[in-house]
$ cat input.tsv   # TSV, C-alpha atoms and all ligand atoms
chain	number	residue	atom	x	y	z
S	14	MET	CA	-33.76	-19.50	-6.52
S	15	PRO	CA	-33.55	-23.31	-6.74
S	16	ALA	CA	-37.00	-23.50	-5.13
S	17	LEU	CA	-38.45	-21.00	-7.56
S	18	SER	CA	-37.06	-22.85	-10.57
S	19	ALA	CA	-38.18	-26.27	-9.24
S	20	LEU	CA	-41.72	-25.07	-8.57
S	21	PRO	CA	-42.86	-24.63	-12.22
S	22	SER	CA	-41.32	-27.97	-13.20
S	23	LEU	CA	-43.22	-29.70	-10.39
S	24	ALA	CA	-46.42	-27.92	-11.46
S	25	ILE	CA	-45.94	-29.10	-15.04
S	26	ALA	CA	-45.48	-32.65	-13.80
S	27	GLY	CA	-48.69	-32.31	-11.74
S	28	VAL	CA	-50.68	-30.88	-14.66
S	29	LEU	CA	-49.47	-33.61	-17.00
S	30	LEU	CA	-50.36	-36.30	-14.47
S	31	VAL	CA	-53.81	-35.03	-13.38
S	32	GLY	CA	-54.80	-33.41	-16.68
S	33	GLY	CA	-53.56	-36.40	-18.70
S	34	TYR	CA	-55.63	-38.72	-16.49
S	35	GLN	CA	-58.74	-36.55	-16.96
S	36	VAL	CA	-58.27	-36.33	-20.74
S	37	VAL	CA	-57.88	-40.09	-20.97
S	38	HIS	CA	-61.12	-40.55	-18.97
S	39	GLY	CA	-62.93	-37.90	-20.99
S	40	THR	CA	-63.60	-35.39	-18.12
S	41	LEU	CA	-61.36	-32.77	-19.73
S	42	THR	CA	-61.03	-31.82	-23.38
S	43	LEU	CA	-57.67	-31.89	-25.04
S	44	GLY	CA	-58.05	-28.14	-25.79
S	45	GLU	CA	-58.63	-27.24	-22.09
S	46	PHE	CA	-55.71	-29.40	-21.06
S	47	PHE	CA	-53.51	-27.71	-23.64
S	48	ALA	CA	-54.57	-24.23	-22.52
S	49	VAL	CA	-53.78	-24.90	-18.84
S	50	ASN	CA	-50.42	-26.27	-19.86
S	51	ALA	CA	-49.66	-23.16	-21.94
S	52	TYR	CA	-50.57	-20.79	-19.06
S	53	LEU	CA	-48.24	-22.67	-16.82
S	54	LEU	CA	-45.35	-22.44	-19.31
S	55	LEU	CA	-45.89	-18.68	-19.51
S	56	LEU	CA	-45.37	-18.47	-15.75
S	57	VAL	CA	-42.04	-20.29	-15.72
S	58	PHE	CA	-39.86	-17.41	-16.84
S	59	PRO	CA	-41.27	-14.66	-14.55
S	60	LEU	CA	-41.02	-17.01	-11.58
S	61	ARG	CA	-37.39	-17.78	-12.36
S	62	SER	CA	-36.43	-14.12	-12.64
S	63	MET	CA	-38.26	-13.38	-9.41
S	64	GLY	CA	-36.03	-15.95	-7.77
S	65	MET	CA	-33.02	-14.23	-9.23
S	66	TRP	CA	-34.15	-10.81	-7.98
S	67	VAL	CA	-34.74	-12.10	-4.48
S	68	GLY	CA	-31.25	-13.60	-4.47
S	69	GLN	CA	-29.66	-10.42	-5.79
S	70	TYR	CA	-31.57	-8.26	-3.35
S	71	GLN	CA	-30.17	-10.25	-0.45
S	72	ARG	CA	-26.63	-10.07	-1.80
S	73	ALA	CA	-26.90	-6.34	-2.41
S	74	MET	CA	-28.16	-5.76	1.13
S	75	ALA	CA	-25.29	-7.75	2.65
S	76	SER	CA	-22.66	-6.01	0.49
S	77	GLY	CA	-24.20	-2.60	1.11
S	78	GLU	CA	-24.04	-3.16	4.84
S	79	ARG	CA	-20.30	-3.87	4.58
S	80	VAL	CA	-19.63	-0.86	2.37
S	81	PHE	CA	-21.51	1.49	4.69
S	82	GLU	CA	-19.68	0.07	7.68
S	83	VAL	CA	-16.47	1.38	6.09
S	84	LEU	CA	-18.01	4.67	4.92
S	85	ASP	CA	-19.48	5.39	8.35
S	86	GLU	CA	-16.20	4.76	10.17
S	87	ASP	CA	-15.13	7.93	12.00
S	88	ARG	CA	-11.83	9.38	10.89
S	89	ASP	CA	-9.10	9.41	13.53
S	90	VAL	CA	-7.51	12.36	11.83
S	91	VAL	CA	-9.63	15.36	10.93
S	92	GLU	CA	-8.79	18.66	9.36
S	93	ARG	CA	-8.68	21.59	11.73
S	94	PRO	CA	-11.27	24.32	11.13
S	95	GLY	CA	-8.66	26.92	10.11
S	96	ALA	CA	-6.53	24.54	8.04
S	97	ARG	CA	-4.76	26.12	5.08
S	98	PRO	CA	-2.98	24.70	2.06
S	99	LEU	CA	0.66	23.82	2.59
S	100	PRO	CA	2.76	26.76	1.36
S	101	ASP	CA	5.25	26.17	-1.44
S	102	GLY	CA	8.66	25.24	-0.17
S	103	PRO	CA	11.68	23.06	-0.67
S	104	GLY	CA	10.52	20.36	1.78
S	105	ALA	CA	12.27	21.02	5.08
S	106	LEU	CA	11.01	18.59	7.70
S	107	THR	CA	11.27	18.93	11.47
S	108	PHE	CA	10.21	16.63	14.30
S	109	HIS	CA	10.10	18.54	17.53
S	110	ASP	CA	9.90	16.56	20.76
S	111	VAL	CA	7.47	14.05	19.22
S	112	SER	CA	5.88	11.27	21.25
S	113	PHE	CA	3.28	8.83	20.03
S	114	GLY	CA	1.57	5.58	21.01
S	115	TYR	CA	-1.16	3.54	19.33
S	116	GLU	CA	-2.75	2.78	22.69
S	117	ALA	CA	-2.84	4.95	25.75
S	118	GLY	CA	-0.01	4.19	28.16
S	119	ARG	CA	2.26	2.43	25.66
S	120	GLU	CA	4.54	4.87	23.88
S	121	VAL	CA	5.94	3.64	20.59
S	122	LEU	CA	7.92	6.82	19.95
S	123	SER	CA	9.40	9.05	22.64
S	124	ASP	CA	10.98	12.50	22.46
S	125	ILE	CA	11.92	12.39	18.79
S	126	GLU	CA	14.02	15.40	17.76
S	127	LEU	CA	14.88	15.25	14.11
S	128	GLU	CA	15.59	17.81	11.47
S	129	ILE	CA	15.87	16.97	7.80
S	130	ALA	CA	17.06	19.84	5.66
S	131	ALA	CA	15.43	20.36	2.28
S	132	GLY	CA	16.81	17.93	-0.27
S	133	GLN	CA	18.66	15.86	2.32
S	134	THR	CA	18.40	12.11	2.70
S	135	VAL	CA	18.21	10.54	6.13
S	136	ALA	CA	18.40	6.79	6.63
S	137	LEU	CA	16.40	5.44	9.53
S	138	ILE	CA	17.60	2.15	10.90
S	139	GLY	CA	16.86	0.04	13.95
S	140	PRO	CA	15.66	-3.38	15.06
S	141	THR	CA	12.25	-4.64	13.99
S	142	GLY	CA	9.34	-3.14	15.91
S	143	CYS	CA	11.33	-0.12	17.11
S	144	GLY	CA	8.93	2.33	15.49
S	145	LYS	CA	10.45	3.18	12.10
S	146	THR	CA	7.27	2.81	10.05
S	147	THR	CA	5.30	4.54	12.79
S	148	LEU	CA	7.63	7.54	12.70
S	149	THR	CA	7.08	7.98	8.96
S	150	ALA	CA	3.30	7.47	9.27
S	151	LEU	CA	3.09	10.63	11.37
S	152	ILE	CA	4.27	12.91	8.54
S	153	PRO	CA	1.27	12.48	6.22
S	154	ARG	CA	-0.94	12.36	9.35
S	155	PHE	CA	-2.05	8.75	9.15
S	156	TYR	CA	-1.89	9.29	12.90
S	157	ASP	CA	-1.49	12.44	14.93
S	158	VAL	CA	1.35	13.00	17.36
S	159	GLU	CA	0.49	12.76	21.03
S	160	ARG	CA	2.99	15.38	22.14
S	161	GLY	CA	5.29	17.66	20.21
S	162	SER	CA	4.90	18.68	16.60
S	163	ILE	CA	5.98	17.95	13.06
S	164	THR	CA	6.45	20.82	10.66
S	165	LEU	CA	6.87	20.77	6.90
S	166	ASP	CA	8.28	23.95	5.41
S	167	GLY	CA	7.50	25.79	8.60
S	168	LEU	CA	3.85	24.77	8.87
S	169	ASP	CA	2.66	22.33	11.54
S	170	VAL	CA	1.25	19.38	9.56
S	171	ARG	CA	-1.91	19.58	11.68
S	172	ASP	CA	-2.54	23.11	10.37
S	173	ALA	CA	-2.35	22.08	6.72
S	174	THR	CA	-5.25	20.76	4.69
S	175	LEU	CA	-5.01	16.99	4.34
S	176	ASP	CA	-5.17	17.19	0.54
S	177	SER	CA	-2.29	19.61	0.18
S	178	LEU	CA	-0.22	17.79	2.81
S	179	ARG	CA	-0.66	14.33	1.34
S	180	SER	CA	-0.05	15.41	-2.25
S	181	ALA	CA	3.30	16.81	-1.10
S	182	ILE	CA	4.41	13.45	0.28
S	183	GLY	CA	5.26	10.35	-1.72
S	184	ILE	CA	5.40	6.99	-0.02
S	185	VAL	CA	7.03	3.82	-1.21
S	186	GLY	CA	5.80	1.50	1.48
S	187	GLN	CA	6.87	-1.81	2.98
S	188	ASP	CA	4.19	-3.55	0.97
S	189	THR	CA	3.00	-1.91	-2.22
S	190	PHE	CA	-0.68	-2.35	-2.89
S	191	LEU	CA	-1.55	-2.99	-6.52
S	192	PHE	CA	-5.11	-2.34	-7.66
S	193	SER	CA	-6.63	-4.95	-9.92
S	194	THR	CA	-6.21	-2.93	-13.08
S	195	THR	CA	-3.48	-2.35	-15.66
S	196	VAL	CA	0.16	-1.65	-14.86
S	197	ALA	CA	-0.14	1.80	-16.44
S	198	GLU	CA	-3.11	2.77	-14.27
S	199	ASN	CA	-1.33	1.47	-11.20
S	200	ILE	CA	1.62	3.73	-11.94
S	201	ALA	CA	-0.66	6.71	-12.60
S	202	TYR	CA	-2.59	6.15	-9.37
S	203	GLY	CA	-1.42	9.41	-7.77
S	204	SER	CA	-1.54	11.44	-10.99
S	205	PRO	CA	-4.53	10.34	-13.07
S	206	GLU	CA	-3.93	12.99	-15.72
S	207	ALA	CA	-0.53	11.54	-16.73
S	208	THR	CA	-0.04	10.66	-20.40
S	209	PRO	CA	1.18	7.22	-21.53
S	210	GLU	CA	4.53	8.81	-22.43
S	211	GLN	CA	4.93	10.26	-18.93
S	212	ILE	CA	4.01	6.90	-17.42
S	213	ALA	CA	6.58	5.08	-19.54
S	214	MET	CA	9.20	7.71	-18.71
S	215	ALA	CA	8.60	7.25	-14.98
S	216	ALA	CA	8.85	3.48	-15.41
S	217	VAL	CA	12.15	3.81	-17.26
S	218	ARG	CA	13.57	5.99	-14.50
S	219	ALA	CA	12.26	3.54	-11.88
S	220	GLN	CA	14.00	0.62	-13.64
S	221	ALA	CA	10.60	-0.98	-14.18
S	222	HIS	CA	10.25	-0.55	-17.95
S	223	ASP	CA	12.14	-3.72	-18.90
S	224	PHE	CA	10.14	-6.13	-16.78
S	225	ILE	CA	6.88	-4.41	-17.74
S	226	MET	CA	7.70	-4.92	-21.42
S	227	ASP	CA	8.21	-8.63	-20.68
S	228	LEU	CA	4.67	-8.94	-19.29
S	229	PRO	CA	2.07	-10.47	-21.67
S	230	ASP	CA	0.39	-7.15	-22.55
S	231	GLY	CA	3.10	-4.70	-21.51
S	232	TYR	CA	1.64	-1.63	-19.80
S	233	ASP	CA	-1.89	-2.97	-20.37
S	234	THR	CA	-1.31	-6.16	-18.38
S	235	ARG	CA	-3.80	-6.50	-15.57
S	236	VAL	CA	-2.13	-6.98	-12.19
S	237	GLY	CA	-3.22	-7.20	-8.58
S	238	GLU	CA	-5.93	-9.29	-7.00
S	239	ARG	CA	-7.51	-10.46	-10.23
S	240	GLY	CA	-4.46	-10.29	-12.46
S	241	LEU	CA	-0.88	-11.26	-12.59
S	242	SER	CA	1.01	-11.04	-9.33
S	243	LEU	CA	4.32	-9.27	-9.28
S	244	SER	CA	7.29	-9.97	-7.04
S	245	GLY	CA	8.18	-7.75	-4.10
S	246	GLY	CA	11.03	-6.10	-5.98
S	247	GLN	CA	8.80	-5.44	-9.00
S	248	ARG	CA	6.04	-3.98	-6.85
S	249	GLN	CA	8.57	-1.72	-5.21
S	250	ARG	CA	9.70	-0.38	-8.55
S	251	ILE	CA	6.08	0.24	-9.59
S	252	ALA	CA	5.73	2.24	-6.37
S	253	ILE	CA	8.90	4.18	-7.19
S	254	ALA	CA	7.50	4.97	-10.64
S	255	ARG	CA	4.30	6.15	-8.93
S	256	ALA	CA	6.29	8.46	-6.70
S	257	LEU	CA	8.35	9.79	-9.62
S	258	LEU	CA	5.18	10.64	-11.51
S	259	MET	CA	3.67	12.37	-8.48
S	260	ASP	CA	6.81	14.42	-7.97
S	261	PRO	CA	6.34	15.03	-4.22
S	262	ARG	CA	8.61	17.30	-2.23
S	263	VAL	CA	9.03	14.77	0.57
S	264	LEU	CA	9.65	11.13	-0.04
S	265	ILE	CA	9.26	8.27	2.41
S	266	LEU	CA	10.87	4.99	1.46
S	267	ASP	CA	10.23	1.92	3.56
S	268	ASP	CA	12.72	-0.42	1.99
S	269	ALA	CA	11.42	-3.84	2.93
S	270	THR	CA	12.98	-6.06	0.32
S	271	ALA	CA	15.87	-7.25	2.43
S	272	SER	CA	16.60	-10.28	0.32
S	273	VAL	CA	16.71	-9.80	-3.41
S	274	ASP	CA	19.35	-11.00	-5.83
S	275	ALA	CA	22.31	-8.76	-6.59
S	276	ASN	CA	21.01	-7.70	-9.99
S	277	THR	CA	17.61	-6.60	-8.63
S	278	GLU	CA	19.32	-4.93	-5.73
S	279	ALA	CA	21.48	-2.91	-8.10
S	280	ARG	CA	18.43	-1.90	-10.13
S	281	ILE	CA	16.46	-0.91	-7.06
S	282	LYS	CA	19.38	1.16	-5.88
S	283	LEU	CA	19.53	2.94	-9.23
S	284	ALA	CA	15.79	3.58	-9.09
S	285	LEU	CA	16.01	4.89	-5.53
S	286	ARG	CA	18.84	7.21	-6.42
S	287	GLU	CA	16.74	8.55	-9.29
S	288	VAL	CA	13.62	9.15	-7.22
S	289	MET	CA	15.54	10.71	-4.30
S	290	ARG	CA	17.31	13.30	-6.41
S	291	GLY	CA	16.53	16.80	-5.20
S	292	ARG	CA	13.93	15.63	-2.71
S	293	THR	CA	13.84	15.49	1.06
S	294	THR	CA	13.94	11.78	1.75
S	295	LEU	CA	13.44	9.63	4.80
S	296	ILE	CA	14.53	6.13	3.97
S	297	ILE	CA	14.04	3.13	6.23
S	298	ALA	CA	17.02	1.02	5.31
S	299	HIS	CA	17.98	-2.55	6.06
S	300	ARG	CA	20.89	-2.90	3.71
S	301	LEU	CA	24.22	-1.20	3.63
S	302	SER	CA	23.72	-0.43	-0.04
S	303	THR	CA	20.63	1.64	0.76
S	304	ILE	CA	22.17	3.22	3.84
S	305	SER	CA	25.00	4.36	1.61
S	306	LEU	CA	22.52	6.51	-0.34
S	307	ALA	CA	21.90	8.66	2.73
S	308	ASP	CA	23.67	11.82	3.88
S	309	HIS	CA	22.88	11.01	7.45
S	310	VAL	CA	21.96	7.93	9.49
S	311	VAL	CA	19.61	7.91	12.47
S	312	VAL	CA	19.45	4.85	14.71
S	313	LEU	CA	16.18	4.17	16.46
S	314	ASP	CA	15.77	1.76	19.36
S	315	HIS	CA	12.62	1.22	21.41
S	316	GLY	CA	11.12	4.39	19.98
S	317	ARG	CA	14.05	6.63	20.84
S	318	ILE	CA	16.82	8.05	18.71
S	319	VAL	CA	19.94	6.48	20.18
S	320	ALA	CA	22.56	7.58	17.68
S	321	ARG	CA	22.99	9.68	14.60
S	322	GLY	CA	25.76	10.55	12.24
S	323	GLU	CA	27.56	9.12	9.27
S	324	HIS	CA	28.19	5.44	8.71
S	325	ALA	CA	31.90	5.44	9.58
S	326	GLY	CA	31.47	7.48	12.75
S	327	LEU	CA	28.51	5.45	13.94
S	328	LEU	CA	30.33	2.21	13.45
S	329	GLU	CA	32.97	3.43	15.86
S	330	GLU	CA	30.75	5.11	18.41
S	331	SER	CA	27.34	3.49	18.56
S	332	PRO	CA	27.03	0.03	20.13
S	333	VAL	CA	23.47	-0.30	18.78
S	334	TYR	CA	24.66	0.47	15.28
S	335	GLN	CA	27.47	-2.05	15.62
S	336	GLU	CA	24.99	-4.62	16.85
S	337	ILE	CA	22.64	-4.01	13.94
S	338	TYR	CA	25.57	-4.06	11.61
S	339	ARG	CA	26.82	-7.40	12.83
S	340	HIS	CA	23.53	-9.19	13.32
S	341	GLY	CA	22.05	-9.27	9.92
S	342	LEU	CA	19.74	-6.28	9.81
S	343	VAL	CA	22.22	-4.90	7.40
S	344	GLU	CA	22.44	-7.46	4.63
S	345	ARG	CA	25.59	-9.52	4.79
S	346	THR	CA	26.13	-10.16	1.11
S	347	PHE	CA	27.68	-6.75	0.70
S	348	VAL	CA	29.64	-6.79	3.91
S	349	GLN	CA	32.47	-9.05	4.91
S	350	LEU	CA	34.33	-8.79	8.16
S	351	ASP	CA	38.09	-9.05	8.16
S	352	PRO	CA	39.87	-11.12	10.85
S	353	ASP	CA	39.74	-8.21	13.30
S	354	GLY	CA	36.01	-7.86	12.89
S	355	ALA	CA	36.18	-4.68	10.82
S	356	PRO	CA	34.00	-4.52	7.74
S	357	ILE	CA	35.40	-4.80	4.25
S	358	GLU	CA	33.04	-3.22	1.80
S	359	LYS	CA	32.73	-4.90	-1.56
S	360	GLU	CA	32.62	-2.73	-4.56
S	361	ASP	CA	29.32	-1.07	-5.04
S	362	VAL	CA	27.43	-3.29	-7.49
S	363	ALA	CA	25.49	-0.35	-8.86
S	401	LIG	N1	-1.66	-0.14	13.79
S	401	LIG	C1	-1.06	-0.46	14.93
S	401	LIG	N2	-1.76	-0.58	16.07
S	401	LIG	C2	-1.16	-0.89	17.24
S	401	LIG	N3	0.16	-1.10	17.39
S	401	LIG	C3	0.93	-0.98	16.30
S	401	LIG	C4	0.37	-0.67	15.01
S	401	LIG	N4	1.38	-0.62	14.11
S	401	LIG	C5	2.51	-0.89	14.80
S	401	LIG	N5	2.26	-1.11	16.10
S	401	LIG	C6	3.27	-1.39	17.14
S	401	LIG	O1	4.17	-0.30	17.19
S	401	LIG	C7	5.49	-0.74	17.33
S	401	LIG	C8	6.35	-0.18	16.21
S	401	LIG	O2	5.93	-0.70	14.98
S	401	LIG	P1	6.55	-0.26	13.60
S	401	LIG	O3	5.70	-0.85	12.53
S	401	LIG	O4	6.71	1.21	13.58
S	401	LIG	O5	7.97	-0.97	13.64
S	401	LIG	P2	9.15	-0.95	12.56
S	401	LIG	O6	10.32	-0.35	13.22
S	401	LIG	O7	8.65	-0.35	11.29
S	401	LIG	O8	9.43	-2.51	12.35
S	401	LIG	P3	9.86	-3.31	11.02
S	401	LIG	O9	11.33	-3.11	10.86
S	401	LIG	O10	9.53	-4.73	11.35
S	401	LIG	O11	9.05	-2.78	9.88
S	401	LIG	C9	5.45	-2.26	17.36
S	401	LIG	O12	5.57	-2.65	18.69
S	401	LIG	C10	4.09	-2.60	16.82
S	401	LIG	O13	3.58	-3.74	17.46
S	402	MG	MG	8.24	-1.10	9.37

$ encode --input "input.tsv" --output "structure tokens"
Amino acid sequence: MPALSALPSLAIAGVLLVGGYQVVHGTLTLGEFFAVNAYLLLLVFPLRSMGMWVGQYQRAMASGERVFEVLDEDRDVVERPGARPLPDGPGALTFHDVSFGYEAGREVLSDIELEIAAGQTVALIGPTGCGKTTLTALIPRFYDVERGSITLDGLDVRDATLDSLRSAIGIVGQDTFLFSTTVAENIAYGSPEATPEQIAMAAVRAQAHDFIMDLPDGYDTRVGERGLSLSGGQRQRIAIARALLMDPRVLILDDATASVDANTEARIKLALREVMRGRTTLIIAHRLSTISLADHVVVLDHGRIVARGEHAGLLEESPVYQEIYRHGLVERTFVQLDPDGAPIEKEDVA
């Protein structure tokens, strides 16, 4: 493009120089000189736009190549030929003898037996890298189990159509992705037909309404890559609002915000309680306040379930749970140990 815009200017300079010389010495009439100059000026614009088109063509080819690279990627998970829609049900979830690894020969999960009754909440805890997120990723079939099976309301997830399976599962992940569009559209991501009233209602229940109203344009504020960035706790509440609007029968919560102030923590807890109501929930918890929302706690270590039960019982019986409890995975601000090393729970801030 620079070359194609410089070319006409150089040509004009040449014409002025040579033509001017000839006119001065009488070998060219002023009229002929003027005509040549006018033709040249007519050429400037088409040449410039040609330069632009060449540049755009190259950019489009490079971008297209990258887009098609993604589109042509083979799916790891495909629908089985006889797949059928997930039948209606209350959301009973069963892991039967499940093993899984990302690479051959290195199991991340081994022999997982887990049953979550419809409407029950199970907290999943364990040291970092033990396979918590991986376990939850198997339910919506982001990956397929290597051995064993996972059933939702009696149907093996591999026998369900991906659409019906994934619309039955809501995920509030470790890191919520915000699209570069308005807050309202981000909340309605899983349910595009939602009305502004329904969106606001979900935000109120997710404890997100207040901070959204404080944004420059309220629900119309652009966020994400090309807009305002939101904090981790705010993103999480947007994700909770998303899940509320989608109304899935199974909910997966990967509670990553381990360090938020007490006020935010209380609000998140309220929002979680709201979204969990009446739904089968698997919550990956790091804080005692979130663990306390669960009916049942499962402790994972190196991809195996090493203990399960209720908080009080686990604290007495499971060394791994005690270890996690004492060494910071469970947030300390809400736990103090008395002189004998037993925990004193502060009053629930929520
Ligand atoms: N996409 C992936 N490809 C290959 N290995 C992976 C992938 N995701 C996770 N892993 C590995 O699997 C193991 C379990 O990871 P996972 O993310 O399930 O841990 P986690 O328990 O959720 O940890 P955290 O508490 O830090 O979130 C880790 O050793 C990790 O390195
Ligand atoms: Mg994780």

$ residues_near_ligand --input "input.tsv" --ligand "ligand LIG 401 (chain S)" --cutoff "6 Å" --atoms "all atoms listed in the file" --output "number ranges by chain"
S: 115, 121, 141-147

$ axis_aligned_box --input "input.tsv" --around "stretch 146-163 of chain S" --padding-each-side "5 Å" --output "JSON"
{"center_x": 2.8, "center_y": 10.7, "center_z": 14.2, "size_x": 19.7, "size_y": 25.9, "size_z": 25.9}

$ closest_residue --input "input.tsv" --among "S:Asp172, S:Phe81, S:Val158, S:Leu137" --to "S:Gly95" --atoms "all atoms listed in the file"
S:Asp172

$ closest_residue --input "input.tsv" --among "S:Gly167, S:Gly203, S:Gly27, S:Pro229" --to "S:Asp260" --atoms "only C-alpha atoms"
S:Gly203

$ residues_near_point --input "input.tsv" --point "(9.5, -1.7, 6.1)" --cutoff "9 Å" --atoms "all atoms listed in the file" --output "MDAnalysis selection string"
chainID S and resid 141 145:146 186:188 266:270 297:299

$ residues_around --input "input.tsv" --residues "S:Thr277" --least-positions-apart "6" --cutoff "10 Å" --atoms "all atoms listed in the file" --output "VMD selection string"
chain S and resid 220 246 to 247 283

$ residues_around --input "input.tsv" --residues "S:Ser180" --least-positions-apart "2" --cutoff "10 Å" --atoms "only C-alpha atoms" --output "list in words"
Leu99, Pro153, Leu175, Asp176, Ser177, Leu178, Ile182, Gly183, Gly203, Ser204, Met259, Asp260, Pro261, Arg262 and Val263 of chain S

$ atom_distance --input "input.tsv" --atom1 "atom CA of S:Val80" --atom2 "atom CA of S:Ser242"
25.8 Å

$ atom_distance --input "input.tsv" --atom1 "atom CA of S:His109" --atom2 "atom CA of S:Thr164"
8.1 Å

$ residues_around --input "input.tsv" --residues "S:Asp110" --least-positions-apart "4" --cutoff "8 Å" --atoms "only C-alpha atoms" --output "JSON, numbers by chain"
{"S": [123, 124, 125, 126, 160, 161, 162]}

$ closest_residue --input "input.tsv" --among "S:Ala105, S:Ala24, S:Leu30, S:Ser302" --to "S:Ala279" --atoms "all atoms listed in the file"
S:Ser302

$ residues_around --input "input.tsv" --residues "S:Gly322" --least-positions-apart "5" --cutoff "7 Å" --atoms "all atoms listed in the file" --output "list in words"
His309, Val310, Val311 and Leu327 of chain S

$ atom_distance --input "input.tsv" --atom1 "atom CA of S:Gln133" --atom2 "atom CA of S:Thr293"
5.0 Å

$ closest_residue --input "input.tsv" --among "S:Val185, S:Leu60, S:Leu258, S:Ala75" --to "ligand MG 402 (chain S)" --atoms "only C-alpha atoms and all ligand atoms"
S:Val185

$ residues_around --input "input.tsv" --residues "stretch 90-92 of chain S" --least-positions-apart "4" --cutoff "10 Å" --atoms "only C-alpha atoms" --output "ChimeraX atom specification"
/S:96-97,154-157,171-176

$ closest_residue --input "input.tsv" --among "S:Ala51, S:Leu313, S:Val57, S:Leu127" --to "ligand MG 402 (chain S)" --atoms "all atoms listed in the file"
S:Leu313

$ closest_residue --input "input.tsv" --among "S:Leu306, S:Met14, S:Leu55, S:Ala256" --to "S:Gln71" --atoms "all atoms listed in the file"
S:Met14

$ build_atoms --input "input.tsv" --residues "stretch 98-110 of chain S" --atoms "N, CA and C atoms" --output "PDB file, in the coordinates of the input"
ATOM      1  N   PRO S  98      -3.823  25.512   2.936  1.00  0.00           N
ATOM      2  CA  PRO S  98      -2.980  24.700   2.060  1.00  0.00           C
ATOM      3  C   PRO S  98      -1.508  24.848   2.447  1.00  0.00           C
ATOM      4  N   LEU S  99      -0.772  23.788   2.307  1.00  0.00           N
ATOM      5  CA  LEU S  99       0.660  23.820   2.590  1.00  0.00           C
ATOM      6  C   LEU S  99       1.328  24.842   1.675  1.00  0.00           C
ATOM      7  N   PRO S 100       2.116  25.774   2.239  1.00  0.00           N
ATOM      8  CA  PRO S 100       2.760  26.760   1.360  1.00  0.00           C
ATOM      9  C   PRO S 100       3.833  26.100   0.507  1.00  0.00           C
ATOM     10  N   ASP S 101       4.156  26.697  -0.622  1.00  0.00           N
ATOM     11  CA  ASP S 101       5.250  26.170  -1.440  1.00  0.00           C
ATOM     12  C   ASP S 101       6.526  26.185  -0.638  1.00  0.00           C
ATOM     13  N   GLY S 102       7.409  25.249  -0.907  1.00  0.00           N
ATOM     14  CA  GLY S 102       8.660  25.240  -0.170  1.00  0.00           C
ATOM     15  C   GLY S 102       9.520  24.115  -0.658  1.00  0.00           C
ATOM     16  N   PRO S 103      10.750  24.072  -0.188  1.00  0.00           N
ATOM     17  CA  PRO S 103      11.680  23.060  -0.670  1.00  0.00           C
ATOM     18  C   PRO S 103      11.511  21.701   0.011  1.00  0.00           C
ATOM     19  N   GLY S 104      10.744  21.633   1.112  1.00  0.00           N
ATOM     20  CA  GLY S 104      10.520  20.360   1.780  1.00  0.00           C
ATOM     21  C   GLY S 104      11.382  20.144   3.015  1.00  0.00           C
ATOM     22  N   ALA S 105      11.510  21.176   3.839  1.00  0.00           N
ATOM     23  CA  ALA S 105      12.270  21.020   5.080  1.00  0.00           C
ATOM     24  C   ALA S 105      11.358  20.419   6.144  1.00  0.00           C
ATOM     25  N   LEU S 106      11.858  19.351   6.787  1.00  0.00           N
ATOM     26  CA  LEU S 106      11.010  18.590   7.700  1.00  0.00           C
ATOM     27  C   LEU S 106      11.606  18.609   9.104  1.00  0.00           C
ATOM     28  N   THR S 107      10.783  18.894  10.093  1.00  0.00           N
ATOM     29  CA  THR S 107      11.270  18.930  11.470  1.00  0.00           C
ATOM     30  C   THR S 107      10.345  18.154  12.397  1.00  0.00           C
ATOM     31  N   PHE S 108      10.939  17.267  13.203  1.00  0.00           N
ATOM     32  CA  PHE S 108      10.210  16.630  14.300  1.00  0.00           C
ATOM     33  C   PHE S 108      10.658  17.342  15.560  1.00  0.00           C
ATOM     34  N   HIS S 109       9.707  17.873  16.303  1.00  0.00           N
ATOM     35  CA  HIS S 109      10.100  18.540  17.530  1.00  0.00           C
ATOM     36  C   HIS S 109       9.469  17.842  18.724  1.00  0.00           C
ATOM     37  N   ASP S 110      10.327  17.153  19.505  1.00  0.00           N
ATOM     38  CA  ASP S 110       9.900  16.560  20.760  1.00  0.00           C
ATOM     39  C   ASP S 110       8.662  15.665  20.602  1.00  0.00           C
TER      40      ASP S 110
END
